[in-house]
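Containing compact mmCIF, C-alpha atoms: query.txt.
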```txt
# COMPACT_ATOMS: atom_id res chain seq x y z
CA MET A 1 -4.33 3.17 34.10
CA ARG A 2 -1.85 0.46 33.19
CA TYR A 3 -1.99 -1.29 29.90
CA VAL A 4 -0.90 -4.85 29.38
CA SER A 5 0.75 -5.62 26.09
CA ALA A 6 0.39 -9.00 24.44
CA ARG A 7 4.11 -9.52 24.87
CA ASP A 8 3.90 -8.89 28.63
CA ALA A 9 1.12 -11.46 28.81
CA GLY A 10 3.28 -14.04 27.05
CA LEU A 11 1.19 -13.87 23.88
CA VAL A 12 2.15 -13.20 20.30
CA ALA A 13 -0.17 -11.84 17.62
CA CYS A 14 -0.07 -13.33 14.12
CA GLY A 15 1.13 -10.74 11.62
CA THR A 16 -1.23 -12.07 8.96
CA CYS A 17 -4.52 -12.91 10.65
CA GLY A 18 -4.12 -11.22 14.03
CA ARG A 19 -4.93 -14.30 16.09
CA LEU A 20 -3.14 -14.46 19.42
CA SER A 21 -1.20 -17.49 20.51
CA ARG A 22 0.98 -18.32 23.45
CA ALA A 23 4.63 -17.44 22.86
CA VAL A 24 6.56 -20.65 23.32
CA LYS A 25 10.29 -21.05 22.87
CA THR A 26 10.89 -23.91 20.46
CA LEU A 27 13.65 -25.00 18.17
CA GLU A 28 11.45 -24.73 15.12
CA LYS A 29 9.79 -21.51 14.07
CA ALA A 30 6.50 -21.01 15.88
CA ARG A 31 3.53 -20.90 13.52
CA CYS A 32 0.08 -19.40 13.87
CA PRO A 33 -2.43 -22.17 14.72
CA ARG A 34 -5.05 -20.54 12.49
CA CYS A 35 -3.24 -19.58 9.31
CA GLY A 36 0.21 -21.16 9.61
CA ALA A 37 2.18 -17.92 9.22
CA VAL A 38 5.49 -17.72 11.07
CA LEU A 39 5.00 -15.85 14.35
CA HIS A 40 7.19 -12.97 15.46
CA GLN A 41 6.80 -10.91 18.59
CA ARG A 42 7.90 -7.81 16.61
CA LYS A 43 8.82 -7.38 12.95
CA VAL A 44 12.25 -8.99 12.52
CA ASP A 45 15.18 -6.53 12.62
CA SER A 46 12.66 -3.76 12.08
CA LEU A 47 14.92 -0.79 12.81
CA ALA A 48 18.01 -2.12 11.02
CA ARG A 49 16.00 -2.88 7.88
CA THR A 50 14.14 0.43 7.96
CA TRP A 51 17.42 2.35 8.37
CA ALA A 52 19.07 0.44 5.51
CA LEU A 53 16.19 1.13 3.12
CA LEU A 54 15.96 4.75 4.26
CA ILE A 55 19.65 5.42 3.67
CA ALA A 56 19.45 3.87 0.21
CA ALA A 57 16.40 6.03 -0.57
CA ALA A 58 18.11 9.18 0.74
CA ILE A 59 21.12 8.58 -1.50
CA LEU A 60 18.94 8.02 -4.56
CA TYR A 61 16.86 11.10 -3.72
CA ILE A 62 19.75 13.25 -4.98
CA PRO A 63 19.99 11.87 -8.58
CA ALA A 64 16.19 11.62 -8.64
CA ASN A 65 16.03 15.40 -8.30
CA LEU A 66 19.08 16.37 -10.31
CA LEU A 67 18.91 14.06 -13.34
CA PRO A 68 16.39 14.76 -16.10
CA MET A 69 13.08 12.89 -15.94
CA MET A 70 12.15 13.64 -19.56
CA GLN A 71 14.06 14.66 -22.64
CA THR A 72 12.12 16.41 -25.37
CA ARG A 73 13.42 16.59 -28.93
CA SER A 74 11.33 18.76 -31.20
CA LEU A 75 11.61 21.12 -34.15
CA LEU A 76 12.23 23.93 -31.69
CA GLY A 77 15.24 22.20 -30.19
CA ASN A 78 16.05 19.83 -27.35
CA SER A 79 15.20 20.27 -23.71
CA SER A 80 15.38 18.17 -20.57
CA ASP A 81 13.05 18.37 -17.61
CA THR A 82 13.88 17.59 -14.03
CA ILE A 83 11.09 17.25 -11.47
CA MET A 84 11.52 20.82 -10.31
CA SER A 85 11.56 22.29 -13.83
CA GLY A 86 8.27 20.47 -14.48
CA VAL A 87 6.75 22.17 -11.44
CA ILE A 88 8.14 25.55 -12.51
CA TYR A 89 6.71 25.02 -16.01
CA PHE A 90 3.22 24.54 -14.56
CA TRP A 91 3.64 27.51 -12.22
CA THR A 92 4.79 29.94 -14.93
CA SER A 93 2.08 28.81 -17.33
CA GLY A 94 -0.54 29.67 -14.73
CA GLU A 95 -1.57 26.14 -13.70
CA TYR A 96 -1.02 26.89 -10.01
CA ASP A 97 -3.14 24.03 -8.66
CA LEU A 98 -1.34 21.43 -10.78
CA ALA A 99 2.03 22.92 -9.86
CA ILE A 100 1.11 22.46 -6.21
CA VAL A 101 -0.14 18.87 -6.78
CA VAL A 102 3.04 17.83 -8.60
CA PHE A 103 5.29 19.66 -6.13
CA THR A 104 3.56 17.95 -3.21
CA ALA A 105 3.55 14.46 -4.71
CA SER A 106 7.05 14.47 -6.21
CA ILE A 107 9.19 16.66 -3.98
CA LEU A 108 7.47 17.30 -0.67
CA VAL A 109 6.10 13.80 0.02
CA PRO A 110 9.35 11.85 -0.58
CA MET A 111 11.31 14.38 1.49
CA LEU A 112 8.78 14.36 4.33
CA LYS A 113 8.77 10.57 4.26
CA LEU A 114 12.54 10.41 4.59
CA ILE A 115 12.55 12.92 7.45
CA ALA A 116 9.55 11.46 9.27
CA LEU A 117 10.71 7.84 9.04
CA SER A 118 14.20 8.83 10.25
CA LEU A 119 12.56 10.61 13.17
CA LEU A 120 10.43 7.55 13.98
CA CYS A 121 13.41 5.20 13.77
CA PHE A 122 15.60 7.49 15.84
CA THR A 123 13.06 7.98 18.62
CA ALA A 124 12.16 4.27 18.66
CA GLN A 125 15.84 3.39 18.92
CA ARG A 126 16.42 5.82 21.78
CA GLY A 127 13.31 4.52 23.48
CA THR A 128 11.93 7.95 24.25
CA GLY A 129 8.40 8.38 25.52
CA TRP A 130 7.99 11.50 23.47
CA LYS A 131 4.46 12.08 22.07
CA PRO A 132 3.61 8.46 21.18
CA HIS A 133 0.15 9.37 19.87
CA GLN A 134 1.51 11.89 17.41
CA ARG A 135 4.24 9.50 16.32
CA THR A 136 1.68 6.77 15.65
CA LYS A 137 -0.40 9.23 13.62
CA LEU A 138 2.69 10.30 11.71
CA TYR A 139 3.39 6.66 10.85
CA HIS A 140 -0.16 6.15 9.55
CA MET A 141 0.17 9.32 7.48
CA ILE A 142 3.42 8.09 5.92
CA GLU A 143 1.80 4.78 5.03
CA PHE A 144 -1.13 6.60 3.43
CA ILE A 145 0.68 9.24 1.37
CA GLY A 146 3.69 7.20 0.23
CA ARG A 147 2.01 5.77 -2.86
CA TRP A 148 1.12 9.19 -4.30
CA SER A 149 4.76 9.89 -5.14
CA MET A 150 4.40 7.49 -8.07
CA LEU A 151 2.51 10.26 -9.85
CA ASP A 152 5.52 11.54 -11.78
CA VAL A 153 6.49 8.07 -12.97
CA PHE A 154 3.03 7.62 -14.50
CA VAL A 155 3.11 11.07 -16.08
CA VAL A 156 6.45 10.34 -17.74
CA ALA A 157 5.22 6.93 -18.97
CA LEU A 158 2.17 8.53 -20.60
CA MET A 159 4.11 11.42 -22.12
CA VAL A 160 6.70 9.05 -23.59
CA ALA A 161 4.00 6.84 -25.09
CA LEU A 162 1.97 9.70 -26.55
CA VAL A 163 4.50 12.24 -27.75
CA ASN A 164 6.28 10.09 -30.27
CA ILE A 165 5.76 11.87 -33.55
CA GLN A 166 9.02 11.38 -35.40
CA SER A 167 8.91 14.51 -37.55
CA LEU A 168 7.62 16.89 -34.88
CA ALA A 169 8.43 15.96 -31.32
CA VAL A 170 9.70 12.95 -29.38
CA ILE A 171 9.78 12.65 -25.61
CA GLN A 172 12.15 10.17 -24.06
CA ALA A 173 12.43 9.09 -20.45
CA GLY A 174 15.52 10.38 -18.68
CA PRO A 175 17.71 8.53 -16.16
CA GLY A 176 16.15 10.50 -13.31
CA ILE A 177 13.00 8.43 -13.55
CA VAL A 178 14.83 5.24 -12.54
CA ALA A 179 16.27 6.89 -9.44
CA PHE A 180 12.91 8.46 -8.64
CA GLY A 181 11.00 5.19 -8.97
CA ALA A 182 13.59 3.54 -6.73
CA VAL A 183 13.11 6.26 -4.09
CA VAL A 184 9.34 5.67 -4.06
CA VAL A 185 9.68 1.88 -3.81
CA LEU A 186 12.44 2.03 -1.18
CA THR A 187 10.56 4.47 1.06
CA MET A 188 7.41 2.34 0.79
CA LEU A 189 9.41 -0.77 1.75
CA ALA A 190 11.01 1.16 4.60
CA SER A 191 7.66 2.19 6.05
CA MET A 192 6.44 -1.42 5.75
CA GLN A 193 9.46 -2.67 7.69
CA PHE A 194 8.94 -0.22 10.53
CA ASP A 195 7.02 -1.72 13.45
CA PRO A 196 4.76 0.90 15.11
CA ARG A 197 4.69 -1.17 18.29
CA LEU A 198 8.30 -0.09 18.88
CA ILE A 199 6.96 3.41 19.56
CA TRP A 200 4.96 2.11 22.52
CA ASP A 201 7.21 -0.61 23.86
CA GLN A 202 9.28 1.68 26.08
CA ILE A 203 6.38 3.70 27.39
CA ARG A 204 5.10 3.18 30.90
CA ASP A 205 1.80 4.99 31.12
CA ASP A 206 1.98 5.25 34.86
CA ASP A 207 5.44 6.13 36.08
CA THR A 208 4.75 5.09 39.65
CA GLU A 209 4.39 1.52 38.51
CA GLN A 210 7.55 1.54 36.51
CA ASP A 211 9.65 -0.17 39.17
CA ASP A 212 7.55 -3.25 39.78
CA HIS A 213 7.32 -3.95 36.08
CA ASP A 214 10.65 -5.03 34.70
CA MET B 1 1.43 -9.16 34.08
CA ASP B 2 -0.97 -10.11 36.80
CA THR B 3 -3.00 -12.99 35.48
CA LEU B 4 -2.60 -14.96 32.31
CA PRO B 5 -5.89 -15.72 30.66
CA PRO B 6 -6.71 -19.43 30.48
CA GLU B 7 -5.78 -21.13 27.24
CA ASP B 8 -9.25 -21.23 25.70
CA ASP B 9 -9.71 -17.52 26.30
CA VAL B 10 -6.98 -16.45 23.87
CA THR B 11 -9.34 -16.17 20.90
CA ASN B 12 -11.46 -13.67 22.82
CA LEU B 13 -8.50 -11.34 23.18
CA ILE B 14 -7.07 -9.02 20.58
CA ALA B 15 -3.77 -7.18 20.52
CA CYS B 16 -3.65 -3.71 19.00
CA PRO B 17 -1.51 -3.95 15.83
CA ASN B 18 -0.03 -0.53 16.55
CA CYS B 19 0.89 -0.71 20.23
CA ASP B 20 0.39 -4.37 21.22
CA THR B 21 -2.03 -3.52 24.02
CA LEU B 22 -4.30 -6.44 24.93
CA HIS B 23 -8.04 -6.00 24.76
CA ARG B 24 -10.97 -8.27 25.40
CA ARG B 25 -13.25 -8.52 22.36
CA THR B 26 -16.76 -7.17 22.85
CA ASP B 27 -19.54 -6.87 20.31
CA VAL B 28 -19.79 -3.48 18.68
CA PRO B 29 -23.08 -2.17 17.25
CA PRO B 30 -23.33 -1.94 13.44
CA HIS B 31 -21.36 0.90 11.80
CA GLU B 32 -19.36 1.45 14.95
CA THR B 33 -15.67 0.89 15.56
CA ALA B 34 -13.73 -0.56 18.44
CA ARG B 35 -10.62 1.50 19.07
CA CYS B 36 -7.52 0.82 21.11
CA VAL B 37 -7.82 2.47 24.55
CA ARG B 38 -4.15 3.32 24.50
CA CYS B 39 -3.19 4.57 21.02
CA HIS B 40 -6.74 5.03 19.61
CA SER B 41 -6.10 3.09 16.39
CA VAL B 42 -8.93 1.03 14.95
CA LEU B 43 -9.04 -2.48 16.42
CA TYR B 44 -12.03 -3.89 14.58
CA ARG B 45 -15.42 -2.89 13.25
CA ALA B 46 -18.82 -4.45 13.54
CA PRO B 47 -18.65 -7.49 11.26
CA ASP B 48 -20.00 -6.87 7.77
CA LEU B 49 -20.59 -10.31 6.33
CA ARG B 50 -22.49 -9.31 3.17
CA LEU B 51 -20.14 -11.28 0.97
CA SER B 52 -22.38 -11.15 -2.11
CA ARG B 53 -22.17 -7.36 -2.10
CA VAL B 54 -18.37 -7.46 -2.14
CA LEU B 55 -18.39 -10.18 -4.78
CA ALA B 56 -20.68 -8.12 -7.02
CA LEU B 57 -18.47 -5.05 -6.63
CA THR B 58 -15.33 -7.08 -7.33
CA LEU B 59 -16.79 -8.60 -10.51
CA THR B 60 -17.89 -5.14 -11.68
CA CYS B 61 -14.35 -3.94 -11.03
CA LEU B 62 -12.96 -6.75 -13.18
CA ILE B 63 -15.23 -5.84 -16.11
CA VAL B 64 -14.40 -2.13 -15.87
CA PHE B 65 -10.73 -3.06 -15.49
CA ALA B 66 -10.91 -5.01 -18.77
CA ILE B 67 -12.48 -2.03 -20.55
CA ALA B 68 -9.93 0.36 -19.06
CA ASN B 69 -7.09 -1.75 -20.38
CA ALA B 70 -8.51 -2.67 -23.77
CA PHE B 71 -9.17 0.84 -25.07
CA PRO B 72 -6.89 3.86 -25.50
CA ILE B 73 -6.85 6.32 -22.61
CA VAL B 74 -6.12 9.43 -24.65
CA GLU B 75 -5.51 10.36 -28.23
CA ILE B 76 -3.57 13.46 -29.19
CA GLU B 77 -3.51 15.23 -32.51
CA VAL B 78 -0.70 17.47 -33.74
CA GLN B 79 -1.02 18.88 -37.25
CA GLY B 80 -3.07 15.97 -38.52
CA ILE B 81 -0.94 13.29 -36.91
CA TYR B 82 -2.75 11.16 -34.32
CA THR B 83 -1.15 9.12 -31.57
CA GLU B 84 -2.90 7.22 -28.82
CA THR B 85 -1.93 4.96 -25.96
CA THR B 86 -3.36 2.33 -23.69
CA LEU B 87 -2.10 1.66 -20.18
CA VAL B 88 0.01 -1.29 -21.27
CA GLY B 89 1.18 0.81 -24.21
CA ALA B 90 2.58 3.37 -21.77
CA ALA B 91 4.56 0.68 -19.95
CA TRP B 92 5.66 -0.75 -23.31
CA ALA B 93 6.94 2.65 -24.47
CA LEU B 94 9.24 2.77 -21.44
CA TYR B 95 10.39 -0.79 -22.05
CA ARG B 96 11.26 0.04 -25.68
CA GLU B 97 13.56 2.79 -24.46
CA GLY B 98 15.48 0.41 -22.25
CA MET B 99 13.78 1.59 -19.07
CA TRP B 100 12.56 -1.90 -18.35
CA LEU B 101 12.77 -1.50 -14.59
CA VAL B 102 10.46 1.51 -14.60
CA ALA B 103 8.24 -0.19 -17.20
CA LEU B 104 7.92 -3.16 -14.87
CA LEU B 105 7.09 -0.84 -11.97
CA VAL B 106 4.33 0.87 -13.97
CA PHE B 107 2.94 -2.47 -15.18
CA ALA B 108 3.04 -4.03 -11.72
CA THR B 109 1.40 -1.15 -9.86
CA THR B 110 -1.38 -0.51 -12.38
CA VAL B 111 -2.10 -3.93 -13.88
CA LEU B 112 -0.45 -6.84 -12.09
CA PHE B 113 -1.16 -6.04 -8.42
CA PRO B 114 -4.69 -4.61 -8.80
CA LEU B 115 -5.67 -7.51 -11.08
CA SER B 116 -4.19 -10.18 -8.78
CA GLN B 117 -5.96 -8.61 -5.86
CA LEU B 118 -9.34 -8.64 -7.61
CA LEU B 119 -8.90 -12.22 -8.84
CA ALA B 120 -7.79 -13.35 -5.38
CA LEU B 121 -10.90 -11.78 -3.86
CA VAL B 122 -13.13 -13.63 -6.34
CA HIS B 123 -11.23 -16.83 -5.59
CA LEU B 124 -11.90 -16.39 -1.87
CA ILE B 125 -15.41 -14.99 -1.77
CA THR B 126 -17.10 -17.27 -4.31
CA PRO B 127 -16.55 -20.52 -2.32
CA LEU B 128 -16.94 -18.77 1.04
CA SER B 129 -20.37 -17.45 0.17
CA LEU B 130 -21.31 -21.04 -0.75
CA GLY B 131 -20.05 -22.22 2.63
CA ARG B 132 -16.89 -23.90 1.37
CA ARG B 133 -13.26 -23.27 2.13
CA PRO B 134 -11.33 -21.89 -0.87
CA TYR B 135 -8.21 -23.65 -2.11
CA ALA B 136 -5.01 -22.38 -0.44
CA VAL B 137 -7.06 -19.91 1.57
CA PHE B 138 -4.27 -18.70 3.87
CA HIS B 139 -1.76 -18.18 1.09
CA VAL B 140 -4.30 -16.19 -0.89
CA MET B 141 -5.17 -14.05 2.14
CA ARG B 142 -1.48 -13.30 2.60
CA ALA B 143 -1.14 -12.49 -1.10
CA ILE B 144 -4.01 -10.00 -0.90
CA GLU B 145 -2.38 -8.26 2.08
CA PHE B 146 0.85 -8.15 0.11
CA CYS B 147 -0.74 -6.65 -3.04
CA ARG B 148 -2.79 -4.03 -1.24
CA PRO B 149 -0.23 -1.21 -0.81
CA TRP B 150 1.17 -1.68 -4.32
CA GLY B 151 -2.01 -1.23 -6.34
CA MET B 152 -1.95 2.40 -7.51
CA ILE B 153 -4.85 2.84 -9.94
CA GLU B 154 -5.97 6.06 -8.23
CA VAL B 155 -2.47 7.55 -8.46
CA PHE B 156 -2.34 6.61 -12.14
CA MET B 157 -5.70 8.37 -12.63
CA LEU B 158 -4.20 11.57 -11.23
CA GLY B 159 -1.18 11.01 -13.47
CA VAL B 160 -3.47 10.87 -16.52
CA LEU B 161 -5.07 14.17 -15.55
CA VAL B 162 -1.69 15.87 -15.07
CA SER B 163 -0.50 14.57 -18.46
CA LEU B 164 -3.68 15.81 -20.13
CA VAL B 165 -2.97 19.35 -18.96
CA LYS B 166 0.69 19.07 -19.98
CA LEU B 167 -0.26 17.81 -23.44
CA SER B 168 -3.03 20.32 -24.04
CA ALA B 169 -0.33 22.99 -24.39
CA MET B 170 1.19 21.30 -27.45
CA ALA B 171 -1.61 19.27 -28.99
CA SER B 172 -5.37 18.82 -29.07
CA VAL B 173 -6.32 16.11 -26.64
CA LEU B 174 -9.20 13.68 -27.19
CA PRO B 175 -10.17 11.63 -24.12
CA GLY B 176 -10.64 7.94 -24.90
CA VAL B 177 -13.12 5.36 -23.59
CA ALA B 178 -10.59 4.04 -21.09
CA LEU B 179 -10.30 7.45 -19.42
CA TRP B 180 -13.92 7.23 -18.23
CA ALA B 181 -13.41 3.57 -17.37
CA PHE B 182 -10.42 4.48 -15.19
CA GLY B 183 -12.49 7.14 -13.44
CA ALA B 184 -15.18 4.56 -12.66
CA LEU B 185 -12.57 1.97 -11.68
CA THR B 186 -10.97 4.36 -9.18
CA MET B 187 -14.26 4.76 -7.36
CA LEU B 188 -15.24 1.07 -7.55
CA LEU B 189 -11.83 -0.03 -6.27
CA ALA B 190 -12.10 2.39 -3.36
CA LEU B 191 -15.39 0.67 -2.43
CA VAL B 192 -13.90 -2.83 -2.72
CA LEU B 193 -10.76 -1.90 -0.78
CA SER B 194 -12.79 -0.30 1.99
CA TYR B 195 -14.06 -3.80 2.80
CA ASP B 196 -12.20 -4.92 5.88
CA LEU B 197 -10.41 -8.23 5.32
CA ARG B 198 -10.79 -9.03 9.02
CA ASN B 199 -14.40 -9.87 8.10
CA LEU B 200 -13.14 -12.62 5.83
CA TRP B 201 -11.17 -14.16 8.71
CA ILE B 202 -14.43 -14.39 10.66
CA VAL B 203 -16.12 -16.17 7.73
CA ILE B 204 -13.12 -18.47 7.24
CA ASP B 205 -13.24 -19.43 10.92
CA ARG B 206 -16.89 -20.31 10.63
CA THR B 207 -16.41 -22.36 7.47
CA PRO B 208 -15.48 -25.96 8.23
CA ASP B 209 -12.15 -27.13 6.90
CA PRO B 210 -12.64 -30.50 5.18
CA ASP B 211 -8.89 -31.23 5.25
CA ALA B 212 -8.68 -30.83 9.00
CA ALA B 213 -11.40 -33.42 9.59
CA ARG B 214 -9.91 -35.88 7.11
CA ALA B 215 -6.15 -35.73 7.27
CA THR B 216 -4.65 -33.69 10.08
CA PRO B 217 -6.28 -34.21 13.46
CA SER B 218 -3.52 -32.12 15.08
CA ARG B 219 -4.95 -28.90 13.73
CA ALA B 220 -8.40 -29.74 15.02
CA VAL B 221 -7.03 -30.49 18.47
CA LYS B 222 -5.12 -27.25 18.65
CA ARG B 223 -8.25 -25.18 18.16
```
Would you encode the structure as structure tokens?
Amino acid sequence: MRYVSARDAGLVACGTCGRLSRAVKTLEKARCPRCGAVLHQRKVDSLARTWALLIAAAILYIPANLLPMMQTRSLLGNSSDTIMSGVIYFWTSGEYDLAIVVFTASILVPMLKLIALSLLCFTAQRGTGWKPHQRTKLYHMIEFIGRWSMLDVFVVALMVALVNIQSLAVIQAGPGIVAFGAVVVLTMLASMQFDPRLIWDQIRDDDTEQDDHD
Amino acid sequence: MDTLPPEDDVTNLIACPNCDTLHRRTDVPPHETARCVRCHSVLYRAPDLRLSRVLALTLTCLIVFAIANAFPIVEIEVQGIYTETTLVGAAWALYREGMWLVALLVFATTVLFPLSQLLALVHLITPLSLGRRPYAVFHVMRAIEFCRPWGMIEVFMLGVLVSLVKLSAMASVLPGVALWAFGALTMLLALVLSYDLRNLWIVIDRTPDPDAARATPSRAVKR
């Protein structure tokens, strides 16, 4: 079976309301007749923007993991916690389920997002027809799980607000939290910039009809 | 492409947002979903136009949201010293330490975006259920789409639970009113957000635009 894309049919779908309109070349920007949003056949500079945001996130991923997230000053002395030491603390104190939750949300998810989005960008750029269904699913998964990485930022905010007893213990936010928050925001922006239609654009479902198409 | 559909047929077609494959719209039975034949993503669902139900849920959310923000989430006690915090208090604590960027992030994802989204929904659904077009309807629809991924109340809820366990090692922890409110808000928001905004586009299309009839005939002609 051959599928006809909106672009092949000379149509363009509105990114806001989904209404289709005829793609016309004009000097001004074409606008959706229903909602007035500017029409684009594909997200503008999708791959370049996704790569840029991904590279920035990958660079910040290093200080996010190495710099302390929290600094505790108490009667028993000072200590700083990175993300990993927080996970280890939960694990050694027997809270295995929480250790797994924090490890997944703060370390695994950002790393998987970076790897998966790079994979999606790379394959879309090369125009491979490799497993488009799985790649689309992977993209949906990234969009769904990305937000959960904010977990550690919220935990630090609450700990800083609550543990502020001058004579006993004070928790302060460490510089790692800024880098970590930036990683979460940048990877979310990156996945928003990626256009899943790029996965399918190069794919001809029936190879025999490939020649008469382009 | 073999045949281009005639101009008036364009509104009966839909392009899959994930692979751009063209489909002809057909009616789907209630509670069923039309999926893309090529990449199997959801194209649209049977229209659910019970606006009053969504409006009621949204207003409930706003009330619970107010409670969740007005009262302390947790109170801890260490050797007779009590400290407590609200949600805004947590963001404020970060701001006080010079982490204003992170404070802004926490405030935006837990207060600003969820609240704007709820208010925008009320702004849209109240006039629409009375058969009138809301003010700046397309801008507000775009704003809702923009806010959606950045509202993180449910992630914050998990963050509260993780902090409770962390704190229970060093202090006695007393859950506050807002903790229960946040629990309820998480579930209510999930219900509100599960409402497909594509339904609102259907209602907006059916609602006459007074401006189009009065001032700009060009828009009416284009349709």
Residues of chain B within 7 Å of chain A, counting only C-alpha atoms, what are they? List them as a ChimeraX atom specification. /B:1,4,10-11,14-15,18-22,39,83-85,89-91,93-94,102,106,138,142,152,155-156,158-160,162-163,222
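Counting all atoms listed in the file, the residue from B:Pro30, B:Gly80, B:Pro127, B:Pro114 that sits nearest to Arg148 of chain B is B:Pro114.
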Return the single residue from B:Arg132, B:Asp205, B:Glu77, B:Leu191 that is closest to Ala169 of chain B, with distances computed using all atoms listed in the file.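 With all atoms listed in the file as the atom set, the closest residue is B:Glu77.
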So which residues touch segment 50-56 of chain A within 6 Å, counting only C-alpha atoms, skipping near sequence neighbours fewer than 5 positions away, as a list in words? Leu186, Ala190, Gln193 and Phe194 of chain A
For Arg45 of chain B, work out the shell of residues within 9 Å, counting only C-alpha atoms and skipping chain neighbours fewer than 4 positions away, then give it as a CSV table (one decimal) with C-alpha atoms, keeping the file's coordinate frame.
```
chain,number,residue,atom,x,y,z
B,28,VAL,CA,-19.8,-3.5,18.7
B,29,PRO,CA,-23.1,-2.2,17.2
B,30,PRO,CA,-23.3,-1.9,13.4
B,31,HIS,CA,-21.4,0.9,11.8
B,32,GLU,CA,-19.4,1.4,15.0
B,33,THR,CA,-15.7,0.9,15.6
B,34,ALA,CA,-13.7,-0.6,18.4
B,35,ARG,CA,-10.6,1.5,19.1
B,196,ASP,CA,-12.2,-4.9,5.9
B,198,ARG,CA,-10.8,-9.0,9.0
B,199,ASN,CA,-14.4,-9.9,8.1
```
Nearest residue to Tyr82 of chain B from the set B:Ala171, B:Val203, B:Val111, B:Leu59 (distances using all atoms listed in the file):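 The shortest atom-to-atom distance to Tyr82 of chain B comes from B:Ala171.
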Please give the centre and size of the box around segment 144-150 of chain A (axis-aligned, containing every atom listed in the file, 5 Å added per side), with values in Å to one decimal and written as AutoDock Vina command-line options.
```
--center_x 1.8 --center_y 7.8 --center_z -2.3 --size_x 15.9 --size_y 14.1 --size_z 21.5
```
Which of these, A:Ser191, A:Ser79, A:Thr104, A:Gly176, has the shortest distance to Lys43 of chain A once you count all atoms listed in the file?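 Looking at the shortest contact to Lys43 of chain A, the residue is A:Ser191.
Distance-wise, atom CA of Val54 of chain B and atom CA of Leu115 of chain B end up 15.5 Å apart.
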In Å, with one decimal, what is the gap from atom CA of Ala68 of chain B to atom CA of Leu119 of chain B? 16.2 Å
Quick one: residues within 8 Å of Val38 of chain A, all atoms listed in the file, excluding same-chain residues fewer than 6 positions away - as a PyMOL selection string? chain A and resi 14+29-32
Atoms added to segment 26-38 of chain A (N, CA and C atoms), reported as a PDB file, keeping the file's coordinate frame:
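Contents of the output file part-v9.pdb:
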```
ATOM      1  N   THR A  26      10.658 -22.594  21.050  1.00  0.00           N
ATOM      2  CA  THR A  26      10.890 -23.910  20.460  1.00  0.00           C
ATOM      3  C   THR A  26      12.061 -23.828  19.520  1.00  0.00           C
ATOM      4  N   LEU A  27      12.543 -24.980  19.114  1.00  0.00           N
ATOM      5  CA  LEU A  27      13.650 -25.000  18.170  1.00  0.00           C
ATOM      6  C   LEU A  27      13.170 -24.597  16.786  1.00  0.00           C
ATOM      7  N   GLU A  28      11.990 -25.109  16.418  1.00  0.00           N
ATOM      8  CA  GLU A  28      11.450 -24.730  15.120  1.00  0.00           C
ATOM      9  C   GLU A  28      10.832 -23.347  15.226  1.00  0.00           C
ATOM     10  N   LYS A  29      10.497 -22.774  14.064  1.00  0.00           N
ATOM     11  CA  LYS A  29       9.790 -21.510  14.070  1.00  0.00           C
ATOM     12  C   LYS A  29       8.361 -21.754  14.535  1.00  0.00           C
ATOM     13  N   ALA A  30       7.883 -20.888  15.424  1.00  0.00           N
ATOM     14  CA  ALA A  30       6.500 -21.010  15.880  1.00  0.00           C
ATOM     15  C   ALA A  30       5.573 -20.544  14.766  1.00  0.00           C
ATOM     16  N   ARG A  31       4.460 -21.281  14.579  1.00  0.00           N
ATOM     17  CA  ARG A  31       3.530 -20.900  13.520  1.00  0.00           C
ATOM     18  C   ARG A  31       2.162 -20.629  14.108  1.00  0.00           C
ATOM     19  N   CYS A  32       1.418 -19.754  13.416  1.00  0.00           N
ATOM     20  CA  CYS A  32       0.080 -19.400  13.870  1.00  0.00           C
ATOM     21  C   CYS A  32      -0.828 -20.623  13.741  1.00  0.00           C
ATOM     22  N   PRO A  33      -1.568 -20.985  14.802  1.00  0.00           N
ATOM     23  CA  PRO A  33      -2.430 -22.170  14.720  1.00  0.00           C
ATOM     24  C   PRO A  33      -3.587 -21.980  13.740  1.00  0.00           C
ATOM     25  N   ARG A  34      -3.951 -20.741  13.437  1.00  0.00           N
ATOM     26  CA  ARG A  34      -5.050 -20.540  12.490  1.00  0.00           C
ATOM     27  C   ARG A  34      -4.564 -20.568  11.049  1.00  0.00           C
ATOM     28  N   CYS A  35      -3.563 -19.729  10.728  1.00  0.00           N
ATOM     29  CA  CYS A  35      -3.240 -19.580   9.310  1.00  0.00           C
ATOM     30  C   CYS A  35      -1.851 -20.106   8.952  1.00  0.00           C
ATOM     31  N   GLY A  36      -1.066 -20.538   9.934  1.00  0.00           N
ATOM     32  CA  GLY A  36       0.210 -21.160   9.610  1.00  0.00           C
ATOM     33  C   GLY A  36       1.338 -20.195   9.297  1.00  0.00           C
ATOM     34  N   ALA A  37       1.104 -18.877   9.463  1.00  0.00           N
ATOM     35  CA  ALA A  37       2.180 -17.920   9.220  1.00  0.00           C
ATOM     36  C   ALA A  37       3.193 -17.994  10.355  1.00  0.00           C
ATOM     37  N   VAL A  38       4.449 -17.701  10.038  1.00  0.00           N
ATOM     38  CA  VAL A  38       5.490 -17.720  11.070  1.00  0.00           C
ATOM     39  C   VAL A  38       5.230 -16.567  12.042  1.00  0.00           C
TER      40      VAL A  38
END
```
